[in-house]
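S.K.: Pasting input_1.tsv below, which is TSV, C-alpha atoms.
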```tsv
chain	number	residue	atom	x	y	z
A	585	MET	CA	0.00	0.00	0.00
A	586	SER	CA	1.60	3.26	-1.08
A	587	ASP	CA	1.55	6.46	0.89
A	588	GLY	CA	-0.45	9.24	-0.65
A	589	LEU	CA	-3.83	10.59	0.24
A	590	THR	CA	-5.02	10.30	3.80
A	591	GLY	CA	-8.61	10.08	4.96
A	592	VAL	CA	-10.37	11.50	8.00
A	593	VAL	CA	-13.80	10.17	8.95
A	594	VAL	CA	-15.95	12.71	10.80
A	595	SER	CA	-19.17	11.52	12.42
A	596	HIS	CA	-21.79	11.74	15.10
A	597	GLY	CA	-21.21	9.47	18.09
A	598	THR	CA	-18.78	6.61	17.57
A	599	VAL	CA	-19.59	5.86	13.92
A	600	ALA	CA	-16.24	7.16	12.65
A	601	LYS	CA	-14.16	5.15	15.08
A	602	ALA	CA	-16.15	2.00	14.38
A	603	LEU	CA	-15.69	2.40	10.63
A	604	VAL	CA	-11.95	3.01	10.95
A	605	ASP	CA	-11.61	0.02	13.31
A	606	ALA	CA	-13.49	-2.14	10.80
A	607	VAL	CA	-11.19	-1.03	7.95
A	608	HIS	CA	-8.23	-1.94	10.11
A	609	ALA	CA	-9.72	-5.33	11.00
A	610	ILE	CA	-10.40	-6.17	7.35
A	611	THR	CA	-7.32	-4.73	5.63
A	612	GLY	CA	-4.70	-4.46	8.35
A	613	ASP	CA	-4.20	-0.84	7.33
A	614	ALA	CA	-3.53	1.36	10.32
A	615	GLY	CA	-2.21	4.62	8.91
A	616	ALA	CA	-4.47	5.86	6.16
A	617	LEU	CA	-7.52	6.83	8.16
A	618	ALA	CA	-8.22	8.87	11.28
A	619	ALA	CA	-11.54	9.13	13.13
A	620	ILE	CA	-13.20	12.17	14.68
A	621	SER	CA	-16.43	12.35	16.67
A	622	ASN	CA	-18.46	15.51	17.11
A	623	GLN	CA	-19.40	14.41	20.61
A	624	GLY	CA	-18.80	17.19	23.11
A	625	CYS	CA	-17.67	19.61	20.41
A	626	GLY	CA	-18.90	23.06	19.53
A	627	ARG	CA	-18.47	24.48	16.05
A	628	ASP	CA	-14.97	25.80	16.62
A	629	SER	CA	-13.60	22.85	18.54
A	630	LEU	CA	-14.84	20.39	15.90
A	631	ARG	CA	-13.21	22.43	13.14
A	632	ASP	CA	-9.97	22.44	15.17
A	633	LEU	CA	-10.09	18.64	15.47
A	634	VAL	CA	-10.55	18.34	11.71
A	635	ALA	CA	-7.66	20.73	11.11
A	636	GLU	CA	-5.41	18.75	13.43
A	637	ALA	CA	-6.21	15.42	11.77
A	638	ALA	CA	-6.03	16.68	8.19
A	639	CYS	CA	-2.99	18.93	8.42
A	640	ASP	CA	-0.49	16.81	6.48
A	641	GLY	CA	-0.88	16.81	2.71
A	642	ASP	CA	-3.86	15.96	0.56
A	643	CYS	CA	-6.78	14.59	2.51
A	644	VAL	CA	-10.30	13.31	1.89
A	645	LEU	CA	-12.78	14.12	4.65
A	646	PHE	CA	-15.45	11.45	4.84
A	647	VAL	CA	-18.52	12.82	6.66
A	648	ASP	CA	-21.50	10.79	7.89
A	649	LEU	CA	-24.38	13.03	6.77
A	650	PRO	CA	-24.84	15.53	3.92
A	651	SER	CA	-25.70	18.26	6.45
A	652	GLY	CA	-25.13	19.12	10.09
A	653	SER	CA	-22.19	19.94	12.30
A	654	CYS	CA	-19.75	17.37	10.86
A	655	LEU	CA	-20.29	18.53	7.30
A	656	GLN	CA	-20.06	22.15	8.36
A	657	ALA	CA	-16.73	21.60	10.09
A	658	ALA	CA	-15.41	19.79	7.02
A	659	MET	CA	-16.56	22.50	4.62
A	660	ILE	CA	-15.24	25.33	6.76
A	661	PHE	CA	-11.85	23.61	6.83
A	662	GLN	CA	-11.97	22.90	3.08
A	663	ARG	CA	-12.63	26.56	2.39
A	664	GLU	CA	-9.33	27.44	4.05
A	665	HIS	CA	-7.40	24.46	2.60
A	666	PRO	CA	-7.87	23.63	-1.08
A	667	ALA	CA	-6.00	20.30	-0.79
A	668	ILE	CA	-9.10	18.78	0.78
A	669	ALA	CA	-12.01	16.86	-0.72
A	670	VAL	CA	-15.23	16.31	1.21
A	671	VAL	CA	-17.44	13.25	0.66
A	672	ALA	CA	-20.73	12.94	2.58
A	673	GLY	CA	-22.53	9.68	3.32
A	674	VAL	CA	-19.48	7.64	4.31
A	675	ASN	CA	-19.80	3.86	4.39
A	676	LEU	CA	-17.48	0.93	4.93
A	677	ALA	CA	-17.37	-0.05	1.26
A	678	MET	CA	-15.94	3.28	0.14
A	679	LEU	CA	-13.35	3.31	2.91
A	680	LEU	CA	-12.15	-0.23	2.10
A	681	ASP	CA	-11.66	0.84	-1.50
A	682	PHE	CA	-10.03	4.14	-0.55
A	683	VAL	CA	-7.20	2.70	1.53
A	684	HIS	CA	-6.00	0.68	-1.48
A	685	ARG	CA	-6.10	3.60	-3.89
A	686	ARG	CA	-4.34	6.38	-2.07
A	687	ASP	CA	-2.16	7.26	-5.06
A	688	ALA	CA	-5.18	8.77	-6.85
A	689	THR	CA	-5.72	12.51	-7.12
A	690	LEU	CA	-8.11	14.13	-4.65
A	691	ALA	CA	-10.79	14.55	-7.29
A	692	GLU	CA	-10.44	10.96	-8.48
A	693	ALA	CA	-10.59	9.62	-4.94
A	694	ALA	CA	-13.68	11.64	-4.09
A	695	ALA	CA	-15.51	10.62	-7.26
A	696	ARG	CA	-14.60	6.98	-6.77
A	697	ALA	CA	-15.72	7.01	-3.14
A	698	VAL	CA	-19.15	8.18	-4.25
A	699	GLU	CA	-19.30	5.51	-6.95
A	700	ILE	CA	-18.17	2.66	-4.69
A	701	GLY	CA	-20.20	3.83	-1.72
A	702	ALA	CA	-23.41	4.23	-3.70
A	703	GLY	CA	-22.82	0.95	-5.51
A	704	ALA	CA	-22.70	-0.91	-2.21
A	705	ILE	CA	-26.22	0.17	-1.31
A	706	LYS	CA	-28.73	-2.17	-2.86
A	707	VAL	CA	-31.70	-4.38	-2.23
A	708	VAL	CA	-30.42	-7.92	-2.03
A	709	GLY	CA	-32.43	-11.02	-2.84
A	710	SER	CA	-36.00	-11.07	-4.06
B	310	MET	CA	-48.58	30.77	21.43
B	311	SER	CA	-46.61	29.51	18.49
B	312	LEU	CA	-43.13	30.24	19.74
B	313	GLU	CA	-42.40	26.61	20.48
B	314	LEU	CA	-38.79	26.75	21.62
B	315	VAL	CA	-36.09	29.29	22.39
B	316	ARG	CA	-32.85	27.33	22.44
B	317	VAL	CA	-29.16	27.96	23.10
B	318	ASP	CA	-27.09	25.62	20.94
B	319	ASP	CA	-23.61	26.43	19.69
B	320	ARG	CA	-24.10	24.11	16.72
B	321	LEU	CA	-27.26	26.06	15.80
B	322	ILE	CA	-29.02	24.01	13.08
B	323	HIS	CA	-27.87	20.38	13.36
B	324	GLY	CA	-29.24	16.88	13.80
B	325	GLN	CA	-30.57	17.24	17.36
B	326	VAL	CA	-32.52	20.33	16.37
B	327	VAL	CA	-33.81	19.25	12.98
B	328	VAL	CA	-34.43	15.56	13.70
B	329	GLY	CA	-34.86	15.46	17.49
B	330	TRP	CA	-36.83	18.63	18.20
B	331	GLY	CA	-38.09	18.92	14.63
B	332	ARG	CA	-40.01	15.65	14.79
B	333	GLU	CA	-41.38	16.47	18.24
B	334	LEU	CA	-42.44	20.08	17.62
B	335	ARG	CA	-42.99	20.08	13.83
B	336	PRO	CA	-41.85	23.71	13.45
B	337	ASP	CA	-42.73	25.64	10.31
B	338	LEU	CA	-40.00	28.21	10.91
B	339	VAL	CA	-36.52	28.11	12.42
B	340	VAL	CA	-35.04	31.51	13.22
B	341	LEU	CA	-31.26	31.34	13.40
B	342	ALA	CA	-30.37	34.46	15.37
B	343	ASP	CA	-26.63	34.99	15.13
B	344	ASP	CA	-24.81	38.22	14.32
B	345	GLU	CA	-21.97	36.47	12.49
B	346	VAL	CA	-24.07	34.09	10.42
B	347	ALA	CA	-26.46	36.91	9.54
B	348	LYS	CA	-23.72	38.63	7.53
B	349	ASN	CA	-22.17	35.52	5.99
B	350	ASP	CA	-24.02	34.15	2.94
B	351	TRP	CA	-21.69	31.19	2.66
B	352	GLU	CA	-22.34	30.02	6.23
B	353	GLN	CA	-26.07	30.50	5.69
B	354	GLU	CA	-25.89	28.09	2.75
B	355	LEU	CA	-24.16	25.55	5.01
B	356	TYR	CA	-26.97	25.79	7.56
B	357	ARG	CA	-29.63	25.56	4.86
B	358	LEU	CA	-28.24	22.14	3.90
B	359	GLY	CA	-29.56	20.82	7.20
B	360	VAL	CA	-33.08	22.16	6.86
B	361	PRO	CA	-35.65	19.65	5.59
B	362	ASP	CA	-38.35	20.45	3.05
B	363	GLY	CA	-41.35	22.11	4.64
B	364	MET	CA	-39.29	23.93	7.26
B	365	GLU	CA	-38.41	27.53	6.55
B	366	VAL	CA	-35.25	29.08	7.95
B	367	LYS	CA	-34.74	32.78	8.59
B	368	PHE	CA	-31.33	34.29	9.35
B	369	THR	CA	-31.34	37.32	11.63
B	370	THR	CA	-29.12	39.19	14.04
B	371	VAL	CA	-29.94	38.73	17.72
B	372	ASP	CA	-31.47	42.22	17.85
B	373	GLN	CA	-33.64	41.53	14.80
B	374	ALA	CA	-34.84	38.30	16.39
B	375	ALA	CA	-35.74	40.13	19.61
B	376	GLY	CA	-37.79	42.54	17.52
B	377	GLY	CA	-39.60	39.67	15.83
B	378	VAL	CA	-40.51	37.65	18.92
B	379	GLU	CA	-43.88	39.30	19.43
B	380	ALA	CA	-45.00	38.58	15.86
B	381	TRP	CA	-43.74	34.98	15.95
B	382	ALA	CA	-45.38	34.34	19.33
B	383	ASN	CA	-48.73	35.58	18.04
B	384	GLY	CA	-48.40	34.22	14.52
B	385	SER	CA	-49.72	31.02	13.05
B	386	CYS	CA	-46.31	29.46	12.28
B	387	LYS	CA	-44.79	27.13	14.84
B	388	THR	CA	-41.42	28.76	15.42
B	389	ILE	CA	-38.09	27.80	16.99
B	390	ILE	CA	-35.48	30.48	17.77
B	391	LEU	CA	-31.84	29.40	18.01
B	392	VAL	CA	-28.96	31.38	19.48
B	393	SER	CA	-25.39	30.15	19.75
B	394	GLY	CA	-24.47	31.24	23.28
B	395	ILE	CA	-25.53	32.55	26.67
B	396	ASP	CA	-24.64	36.16	25.95
B	397	ALA	CA	-26.80	36.11	22.80
B	398	LEU	CA	-29.61	34.58	24.89
B	399	ARG	CA	-29.30	37.40	27.42
B	400	ARG	CA	-29.52	40.00	24.64
B	401	LEU	CA	-32.49	38.22	23.09
B	402	CYS	CA	-34.38	38.04	26.40
B	403	GLU	CA	-33.60	41.66	27.27
B	404	GLY	CA	-34.89	42.76	23.89
B	405	ALA	CA	-37.95	40.52	24.08
B	406	PRO	CA	-39.30	40.44	27.67
B	407	SER	CA	-42.21	38.24	26.59
B	408	ILE	CA	-39.87	35.25	26.40
B	409	ARG	CA	-40.61	33.34	29.60
B	410	LYS	CA	-38.99	29.98	28.94
B	411	VAL	CA	-35.66	28.97	27.41
B	412	ASN	CA	-33.89	25.73	26.65
B	413	LEU	CA	-30.16	25.14	27.11
B	414	GLY	CA	-29.34	22.62	24.41
B	415	GLY	CA	-25.62	22.67	23.79
B	416	VAL	CA	-22.80	24.85	25.04
B	417	HIS	CA	-19.54	23.01	24.64
B	418	ASN	CA	-16.15	23.20	26.29
B	419	GLU	CA	-14.23	26.23	25.12
B	420	GLY	CA	-12.29	28.86	27.01
B	421	ASP	CA	-12.68	28.90	30.79
B	422	ARG	CA	-15.94	26.99	31.07
B	423	HIS	CA	-16.79	24.35	33.68
B	424	GLN	CA	-18.82	21.25	32.93
B	425	HIS	CA	-22.37	20.97	34.29
B	426	LEU	CA	-23.77	18.31	31.97
B	427	PRO	CA	-22.16	16.32	29.12
B	428	TYR	CA	-23.42	18.95	26.69
B	429	LEU	CA	-23.36	22.02	28.92
B	430	PHE	CA	-20.24	23.94	29.90
B	431	LEU	CA	-20.51	27.43	31.39
B	432	SER	CA	-18.04	30.12	32.37
B	433	ASP	CA	-18.59	31.99	35.63
B	434	GLU	CA	-19.87	34.96	33.64
B	435	GLU	CA	-22.32	32.80	31.69
B	436	ALA	CA	-23.59	31.21	34.92
B	437	HIS	CA	-24.08	34.70	36.33
B	438	GLN	CA	-26.01	35.79	33.23
B	439	LEU	CA	-28.32	32.78	33.53
B	440	ARG	CA	-28.99	33.40	37.22
B	441	SER	CA	-29.79	36.98	36.36
B	442	LEU	CA	-32.30	35.88	33.69
B	443	ALA	CA	-33.85	33.44	36.17
B	444	THR	CA	-34.38	36.18	38.75
B	445	ARG	CA	-36.53	37.94	36.15
B	446	GLY	CA	-38.86	34.94	36.18
B	447	ILE	CA	-37.59	33.23	33.03
B	448	GLU	CA	-37.82	29.45	33.31
B	449	ILE	CA	-34.45	28.01	32.27
B	450	THR	CA	-33.92	24.30	31.80
B	451	ALA	CA	-31.22	22.20	30.14
B	452	GLN	CA	-32.47	19.50	27.80
B	453	ASP	CA	-30.58	18.30	24.75
B	454	LEU	CA	-33.41	16.24	23.25
B	455	PRO	CA	-37.20	16.11	23.73
B	456	ASN	CA	-37.13	12.65	25.31
B	457	ALA	CA	-34.46	13.63	27.86
B	458	ALA	CA	-35.49	14.84	31.30
B	459	PRO	CA	-35.20	18.64	31.60
B	460	VAL	CA	-32.77	19.81	34.28
B	461	ALA	CA	-33.71	22.99	36.12
B	462	LEU	CA	-31.17	25.79	36.40
B	463	THR	CA	-31.30	25.53	40.19
B	464	ASP	CA	-30.07	21.95	39.91
B	465	LEU	CA	-27.25	22.97	37.58
B	466	LEU	CA	-25.67	25.92	39.35
```
Would you put the structure from the file into structure tokens?

M.R.:
Amino acid sequence: MSDGLTGVVVSHGTVAKALVDAVHAITGDAGALAAISNQGCGRDSLRDLVAEAACDGDCVLFVDLPSGSCLQAAMIFQREHPAIAVVAGVNLAMLLDFVHRRDATLAEAAARAVEIGAGAIKVVGS
Amino acid sequence: MSLELVRVDDRLIHGQVVVGWGRELRPDLVVLADDEVAKNDWEQELYRLGVPDGMEVKFTTVDQAAGGVEAWANGSCKTIILVSGIDALRRLCEGAPSIRKVNLGGVHNEGDRHQHLPYLFLSDEEAHQLRSLATRGIEITAQDLPNAAPVALTDLL
């Protein structure tokens, strides 16, 4: 697995940590993703946590919902730092794909995360 | 009375407000009363992302919101007013003496605040401001979500 893009998962409650733990359990990868919870955070402190986690190089911020405090913190940070992509609606499928494709560009990684993540949502069986 | 909730929440419009209180109170209008957001179109767009269809959002300064309280309280729309902090709440209540009940929903740990509840941190000055509002007969309770038990100010401070 090459170094390259990093990912930060930002969520309500413990969703982000659980997703990152699951990626680690499935792939063994322990360096590509960080997890942030909005629990106990105001607007400014959540933005500071995002800034701290995403400070090194190009980074994709994976947010749980397409609105709300996590998305706001991600978008406020992105506004100040162009080397950031924000993808809302994070799921395990897109993260598993992401950690193996960290040599992509930010735009490619974000578009692919949407494709893989959406493709994993389906009605199964009859 | 259609002013359903006056709430202090430093995240302003977010999941607890839209989903938690929104499903309980079914507001038609959310007034986001914040001096900074009122002059920032970009931040207003961010907050609009969290507002479901059928719920209107109005961005005002705290002073403008105080001036609108009477109309909202007597209007037909079910209305929620949000402010981001205790000082804004004090200004709102001073400008709109008809507000008799407020909800402390989320003030998080920044600066020199002390913890009172998992979602409520207050500086000494903020605690003083709340006591002062309470002495004017305003009922102040902390309650993050509708199904949580409200905690009276006297039990907090």

S.K.: What lies within 8 Å of stretch 368-375 of chain B using all atoms listed in the file, ignoring chain neighbours under 4 positions off, as an MDAnalysis selection string?

M.R.: chainID B and resid 340:347 353 390 392 397 400:402 404:405

S.K.: Given a cut-off of 10 Å, which residues of chain B touch chain A, counting all atoms listed in the file, written out as a PyMOL selection string?

M.R.: chain B and resi 318-327+351-352+355-360+393+415-419+427-430

S.K.: Ranking A:Ile700, A:Ala614, A:Leu630, A:Cys643 by minimum distance to A:Asn675 and counting only C-alpha atoms, which one comes first?

M.R.: A:Ile700

S.K.: Can you measure atom CA of B:Glu379 to atom CA of B:Ala457 for me? One decimal in Å is fine.

M.R.: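 Calculated distance between atom CA of B:Glu379 and atom CA of B:Ala457 is 28.6 Å.
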
S.K.: Can you work out which one of B:Gly331, B:Pro455, B:Gly446, B:Gly363 has the shortest atom-to-atom distance to B:Lys410, counting all atoms listed in the file?

M.R.: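 For B:Lys410, the nearest of the candidates is B:Gly446.
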
S.K.: Counting all atoms listed in the file, what is within 9 Å of stretch 603-613 of chain A, bar same-chain residues fewer than 4 positions away, as a list in words?

M.R.: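 What passes the distance filter is Met585, Val593, Thr598, Val599, Leu617, Ala618, Ala619, Asn675, Leu676, Leu679, Leu680 and Val683 of chain A.
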
S.K.: Could you tell me which of B:Glu313, B:Asp396, B:Glu333, B:Asp362 comes closest to B:Asn456 if we count all atoms listed in the file?

M.R.: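 Of all the options, B:Glu333 lies closest to B:Asn456.
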
S.K.: Would you kindly return, as a VMD selection string, each protein, DNA or RNA residue with an atom no farther than 7 Å from any atom of B:Glu365, considering all atoms listed in the file and excluding same-chain residues fewer than 3 positions away?

M.R.: chain B and resid 337 to 339

S.K.: Box for stretch 619-626 of chain A - axis-aligned, 6 Å on each of the six sides, all listed atoms - centre and size in Å to one decimal, as lines of an AutoDock Vina configuration file.

M.R.:
```
center_x = -15.5
center_y = 16.1
center_z = 18.1
size_x = 19.9
size_y = 25.9
size_z = 22.0
```

S.K.: What does the distance between atom CA of A:Ala667 and atom CA of A:Asp642 come to in Å, to one decimal place?

M.R.: 5.0 Å

S.K.: Which residues are close to B:Asn383, i.e. within 12 Å by only C-alpha atoms, leaving aside same-chain residues fewer than 6 positions away? Reply as a list in words.

M.R.: Met310, Ser311, Leu312, Glu313, Gly377 and Ser407 of chain B

S.K.: Give me the residues near stretch 687-695 of chain A as a VMD selection string, where near means some atom within 7 Å (using all atoms listed in the file) and where sequence neighbours in that chain fewer than 5 positions away do not count.

M.R.: chain A and resid 586 588 to 589 642 644 669 671

S.K.: Quick one: of A:Met678, A:Ile668, A:Ala600, A:Leu633, who's nearest to A:Asp648, counting all atoms listed in the file?

M.R.: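 Distance minimum relative to A:Asp648 lands on A:Ala600.
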
S.K.: Using atom CA of A:Ile705 and atom CA of A:Asn622 as the two end points, give the distance in Å to one decimal.

M.R.: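 So the two atoms, atom CA of A:Ile705 and atom CA of A:Asn622, lie 25.2 Å apart.
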
S.K.: If I only want stretch 328-339 of chain B, can you write it with all heavy atoms, as a PDB file, in the first residue's frame?

M.R.:
```
ATOM      1  N   VAL B 328     -33.821  16.890  13.569  1.00  0.00           N
ATOM      2  CA  VAL B 328     -34.431  15.561  13.703  1.00  0.00           C
ATOM      3  C   VAL B 328     -35.090  15.419  15.075  1.00  0.00           C
ATOM      4  O   VAL B 328     -36.275  15.087  15.178  1.00  0.00           O
ATOM      5  CB  VAL B 328     -33.376  14.447  13.496  1.00  0.00           C
ATOM      6  CG1 VAL B 328     -34.032  13.080  13.655  1.00  0.00           C
ATOM      7  CG2 VAL B 328     -32.751  14.573  12.110  1.00  0.00           C
ATOM      8  N   GLY B 329     -34.329  15.668  16.141  1.00  0.00           N
ATOM      9  CA  GLY B 329     -34.856  15.460  17.493  1.00  0.00           C
ATOM     10  C   GLY B 329     -36.031  16.383  17.800  1.00  0.00           C
ATOM     11  O   GLY B 329     -37.175  15.947  17.938  1.00  0.00           O
ATOM     12  N   TRP B 330     -35.777  17.657  17.870  1.00  0.00           N
ATOM     13  CA  TRP B 330     -36.833  18.630  18.195  1.00  0.00           C
ATOM     14  C   TRP B 330     -37.779  18.824  17.028  1.00  0.00           C
ATOM     15  O   TRP B 330     -38.978  19.078  17.216  1.00  0.00           O
ATOM     16  CB  TRP B 330     -36.215  19.962  18.627  1.00  0.00           C
ATOM     17  CG  TRP B 330     -35.567  19.874  19.961  1.00  0.00           C
ATOM     18  CD1 TRP B 330     -34.235  19.657  20.200  1.00  0.00           C
ATOM     19  CD2 TRP B 330     -36.197  19.935  21.245  1.00  0.00           C
ATOM     20  NE1 TRP B 330     -34.005  19.598  21.553  1.00  0.00           N
ATOM     21  CE2 TRP B 330     -35.189  19.767  22.216  1.00  0.00           C
ATOM     22  CE3 TRP B 330     -37.511  20.121  21.662  1.00  0.00           C
ATOM     23  CZ2 TRP B 330     -35.451  19.777  23.581  1.00  0.00           C
ATOM     24  CZ3 TRP B 330     -37.785  20.136  23.031  1.00  0.00           C
ATOM     25  CH2 TRP B 330     -36.761  19.969  23.977  1.00  0.00           C
ATOM     26  N   GLY B 331     -37.253  18.722  15.816  1.00  0.00           N
ATOM     27  CA  GLY B 331     -38.089  18.923  14.632  1.00  0.00           C
ATOM     28  C   GLY B 331     -39.234  17.923  14.568  1.00  0.00           C
ATOM     29  O   GLY B 331     -40.371  18.281  14.286  1.00  0.00           O
ATOM     30  N   ARG B 332     -38.944  16.665  14.855  1.00  0.00           N
ATOM     31  CA  ARG B 332     -40.007  15.651  14.788  1.00  0.00           C
ATOM     32  C   ARG B 332     -40.983  15.786  15.943  1.00  0.00           C
ATOM     33  O   ARG B 332     -42.143  15.403  15.838  1.00  0.00           O
ATOM     34  CB  ARG B 332     -39.392  14.254  14.775  1.00  0.00           C
ATOM     35  CG  ARG B 332     -38.683  14.015  13.462  1.00  0.00           C
ATOM     36  CD  ARG B 332     -38.435  12.563  13.161  1.00  0.00           C
ATOM     37  NE  ARG B 332     -37.834  12.472  11.840  1.00  0.00           N
ATOM     38  CZ  ARG B 332     -37.015  11.528  11.452  1.00  0.00           C
ATOM     39  NH1 ARG B 332     -36.710  10.543  12.270  1.00  0.00           N
ATOM     40  NH2 ARG B 332     -36.511  11.528  10.232  1.00  0.00           N
ATOM     41  N   GLU B 333     -40.508  16.304  17.075  1.00  0.00           N
ATOM     42  CA  GLU B 333     -41.381  16.471  18.235  1.00  0.00           C
ATOM     43  C   GLU B 333     -42.289  17.698  18.067  1.00  0.00           C
ATOM     44  O   GLU B 333     -43.487  17.643  18.324  1.00  0.00           O
ATOM     45  CB  GLU B 333     -40.513  16.639  19.492  1.00  0.00           C
ATOM     46  CG  GLU B 333     -41.273  16.930  20.762  1.00  0.00           C
ATOM     47  CD  GLU B 333     -41.961  15.704  21.337  1.00  0.00           C
ATOM     48  OE1 GLU B 333     -41.669  14.589  20.863  1.00  0.00           O
ATOM     49  OE2 GLU B 333     -42.810  15.876  22.236  1.00  0.00           O
ATOM     50  N   LEU B 334     -41.707  18.800  17.642  1.00  0.00           N
ATOM     51  CA  LEU B 334     -42.445  20.082  17.625  1.00  0.00           C
ATOM     52  C   LEU B 334     -43.016  20.432  16.258  1.00  0.00           C
ATOM     53  O   LEU B 334     -43.896  21.286  16.162  1.00  0.00           O
ATOM     54  CB  LEU B 334     -41.514  21.220  18.084  1.00  0.00           C
ATOM     55  CG  LEU B 334     -40.927  21.083  19.489  1.00  0.00           C
ATOM     56  CD1 LEU B 334     -39.961  22.229  19.765  1.00  0.00           C
ATOM     57  CD2 LEU B 334     -42.038  21.060  20.537  1.00  0.00           C
ATOM     58  N   ARG B 335     -42.514  19.794  15.203  1.00  0.00           N
ATOM     59  CA  ARG B 335     -42.986  20.083  13.834  1.00  0.00           C
ATOM     60  C   ARG B 335     -42.983  21.579  13.534  1.00  0.00           C
ATOM     61  O   ARG B 335     -44.023  22.150  13.167  1.00  0.00           O
ATOM     62  CB  ARG B 335     -44.398  19.526  13.621  1.00  0.00           C
ATOM     63  CG  ARG B 335     -44.502  18.046  13.883  1.00  0.00           C
ATOM     64  CD  ARG B 335     -44.165  17.269  12.654  1.00  0.00           C
ATOM     65  NE  ARG B 335     -44.063  15.839  12.937  1.00  0.00           N
ATOM     66  CZ  ARG B 335     -43.464  14.953  12.151  1.00  0.00           C
ATOM     67  NH1 ARG B 335     -42.904  15.356  11.047  1.00  0.00           N
ATOM     68  NH2 ARG B 335     -43.398  13.687  12.470  1.00  0.00           N
ATOM     69  N   PRO B 336     -41.867  22.252  13.700  1.00  0.00           N
ATOM     70  CA  PRO B 336     -41.853  23.710  13.450  1.00  0.00           C
ATOM     71  C   PRO B 336     -41.997  24.026  11.964  1.00  0.00           C
ATOM     72  O   PRO B 336     -41.522  23.278  11.110  1.00  0.00           O
ATOM     73  CB  PRO B 336     -40.464  24.120  13.949  1.00  0.00           C
ATOM     74  CG  PRO B 336     -39.630  22.893  13.771  1.00  0.00           C
ATOM     75  CD  PRO B 336     -40.543  21.724  14.042  1.00  0.00           C
ATOM     76  N   ASP B 337     -42.660  25.135  11.685  1.00  0.00           N
ATOM     77  CA  ASP B 337     -42.725  25.645  10.309  1.00  0.00           C
ATOM     78  C   ASP B 337     -41.532  26.544  10.023  1.00  0.00           C
ATOM     79  O   ASP B 337     -41.110  26.689   8.887  1.00  0.00           O
ATOM     80  CB  ASP B 337     -44.004  26.477  10.117  1.00  0.00           C
ATOM     81  CG  ASP B 337     -45.243  25.700  10.487  1.00  0.00           C
ATOM     82  OD1 ASP B 337     -45.506  24.683   9.840  1.00  0.00           O
ATOM     83  OD2 ASP B 337     -45.933  26.118  11.446  1.00  0.00           O
ATOM     84  N   LEU B 338     -41.034  27.189  11.085  1.00  0.00           N
ATOM     85  CA  LEU B 338     -39.995  28.209  10.910  1.00  0.00           C
ATOM     86  C   LEU B 338     -38.906  28.035  11.968  1.00  0.00           C
ATOM     87  O   LEU B 338     -39.207  27.894  13.157  1.00  0.00           O
ATOM     88  CB  LEU B 338     -40.626  29.603  11.054  1.00  0.00           C
ATOM     89  CG  LEU B 338     -39.679  30.803  11.058  1.00  0.00           C
ATOM     90  CD1 LEU B 338     -38.982  30.942   9.699  1.00  0.00           C
ATOM     91  CD2 LEU B 338     -40.437  32.081  11.392  1.00  0.00           C
ATOM     92  N   VAL B 339     -37.651  28.059  11.506  1.00  0.00           N
ATOM     93  CA  VAL B 339     -36.516  28.106  12.423  1.00  0.00           C
ATOM     94  C   VAL B 339     -35.821  29.444  12.221  1.00  0.00           C
ATOM     95  O   VAL B 339     -35.417  29.776  11.100  1.00  0.00           O
ATOM     96  CB  VAL B 339     -35.521  26.955  12.163  1.00  0.00           C
ATOM     97  CG1 VAL B 339     -34.273  27.120  13.013  1.00  0.00           C
ATOM     98  CG2 VAL B 339     -36.178  25.611  12.450  1.00  0.00           C
TER      99      VAL B 339
END
```
